[in-house]
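Colleague: Mind having a look at this structure? Questions to follow.
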Amino acid sequence: AATRTRRPPAQDNAPLFLVSALVLSPAQAIVVYTDREVHGAVGSRVTLHCSFWSSEWVSDDISFTWRYQPEGGRDAISIFHYAKGQPYIDEVGTFKERIQWVGDPRWKDGSIVIHNLDYSDNGTFTCDVKNPPDIVGKTSQVTLYVFEKVPTRYGVVLGAVIGGVLGVVLLALLLFYLVRYCWLRRQAALQRRLSAMEKGKLHKTGKDTKRGRQTPVLYAMLDHTRSAKTASEKKAKGLGESRKDKK
């Protein structure tokens, strides 16, 4: 008789898939920021700024790495590294005694300073940041140009011109509003003065009208007094004449 082989019961693979998804799901990419280019004069110093954005809190295992590729060169060399809370300057190349760490991981800052610049420092500097578990992302590059005397950049000149024009416009607006304010204030003073004069005229006219009304009354009173006096005199005269006639 043929024997049948019994298959084991099917197992639930959901937990396995869940663990795989959690382990294999990539972290959000870290973003690094630097200037596009910086200028420096021979013998001076320059700051190479580097900052980053990460979806994770700043880790104790955060690291910064700076690499340098000379102008016209094809290979980049490591010149600085920060890890475990300590800066490390690579003992290779001409930067080993001229690099200073000025960054602060708590503020997501990985900047360095290069002292005593020389023409041979022209080139591209790359900043790379790792903030475990956020370790996936692109680096950022800044190009250094060293001159005998740092030229005035077009943007600075344009900004100065725009600032000057805006300053003149603001000054003109200020003068305009100042003159307008003084003119309005003077007009208000004149209006108040005219109002006071009109009130004075009305008051004077009222007095004159009152006096005009009182004058006929006075004349009437005087006429009445005169009439009464005349009548009294006539009466007295008539009495005198009648007495003479009786005698």
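Chain identifiers are assigned as A, B, and so on, following the order in which chains appear in the structure tokens; residues are numbered from 1 within each chain, and ligands are numbered from 1 in order of appearance.
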Compile the contact shell of Glu148 in chain A as an NGL selection string: residues with an atom at most 9 Å away, counting only C-alpha atoms, same-chain residues fewer than 5 positions apart removed.
Modeller: :A and (40-43 or 119)
Colleague: Excluding Val46 in chain A and any residue of its chain fewer than 5 positions from it, enumerate the residues within 8 Å of it, using only C-alpha atoms, and give them as a VMD selection string.
Modeller: chain A and resid 38 to 40 113 to 115 117
Colleague: Residues of range 99-189 of chain A that approach range 58-68 of chain A to 10 Å or less, counting only C-alpha atoms: could you list each one with the shortest pair of atoms and its distance in Å to one decimal, rows by chain and increasing residue number, as CSV?
Modeller:
```
residue,atom,partner,partner_atom,distance
A:Gly103,CA,A:Phe64,CA,9.6
A:Pro105,CA,A:Val58,CA,7.2
A:Arg106,CA,A:Val58,CA,6.8
A:Trp107,CA,A:Val58,CA,8.9
A:Lys108,CA,A:Val58,CA,7.6
A:Asp109,CA,A:Phe64,CA,9.3
A:Gly110,CA,A:Phe64,CA,6.3
A:Ser111,CA,A:Phe64,CA,9.2
A:Ile112,CA,A:Trp66,CA,8.8
A:Asp121,CA,A:Tyr68,CA,9.1
A:Asn122,CA,A:Tyr68,CA,9.6
A:Gly123,CA,A:Tyr68,CA,7.1
A:Thr124,CA,A:Tyr68,CA,5.8
A:Phe125,CA,A:Tyr68,CA,4.6
A:Thr126,CA,A:Arg67,CA,5.1
A:Cys127,CA,A:Trp66,CA,4.8
A:Asp128,CA,A:Thr65,CA,5.1
A:Val129,CA,A:Phe64,CA,4.8
A:Lys130,CA,A:Ser63,CA,5.3
A:Asn131,CA,A:Ile62,CA,4.5
A:Pro132,CA,A:Ser59,CA,6.3
A:Pro133,CA,A:Ser59,CA,8.3
A:Asp134,CA,A:Ser59,CA,9.2
A:Ile135,CA,A:Ile62,CA,9.3
A:Thr139,CA,A:Thr65,CA,9.7
A:Ser140,CA,A:Trp66,CA,10.0
A:Gln141,CA,A:Arg67,CA,9.3
A:Val142,CA,A:Tyr68,CA,9.8
A:Thr143,CA,A:Tyr68,CA,9.7
```
Colleague: Let me make sure I understand: among A:Gly200, A:Leu144, A:Ala160, A:Gly167, which one has the smallest atom-to-atom distance to Glu71 in chain A if we use only C-alpha atoms?
Modeller: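 Smallest separation from Glu71 in chain A among the options: A:Leu144.
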Colleague: To one decimal place in Å, what is the distance between CA of Ser51 in chain A and CA of Val32 in chain A?
Modeller: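 Going from CA of Ser51 in chain A over to CA of Val32 in chain A, I get 5.9 Å.
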Colleague: Find the distance between CA of Phe80 in chain A and CA of Gly137 in chain A and write it in Å to one decimal.
Modeller: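 If I compute the distance from CA of Phe80 in chain A to CA of Gly137 in chain A, I get 19.2 Å.
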Colleague: Would you please give, as number ranges by chain, all residues of range 49-114 of chain A that DSSP assigns to strand (DSSP E or B) based on the backbone?
Modeller: A: 50-53, 63-70, 77-83, 86-89, 99-101, 104, 109, 112-114
Colleague: Output as a PyMOL selection string all residues of range 127-184 of chain A that backbone DSSP marks as helix (DSSP H, G or I).
Modeller: chain A and resi 154-184
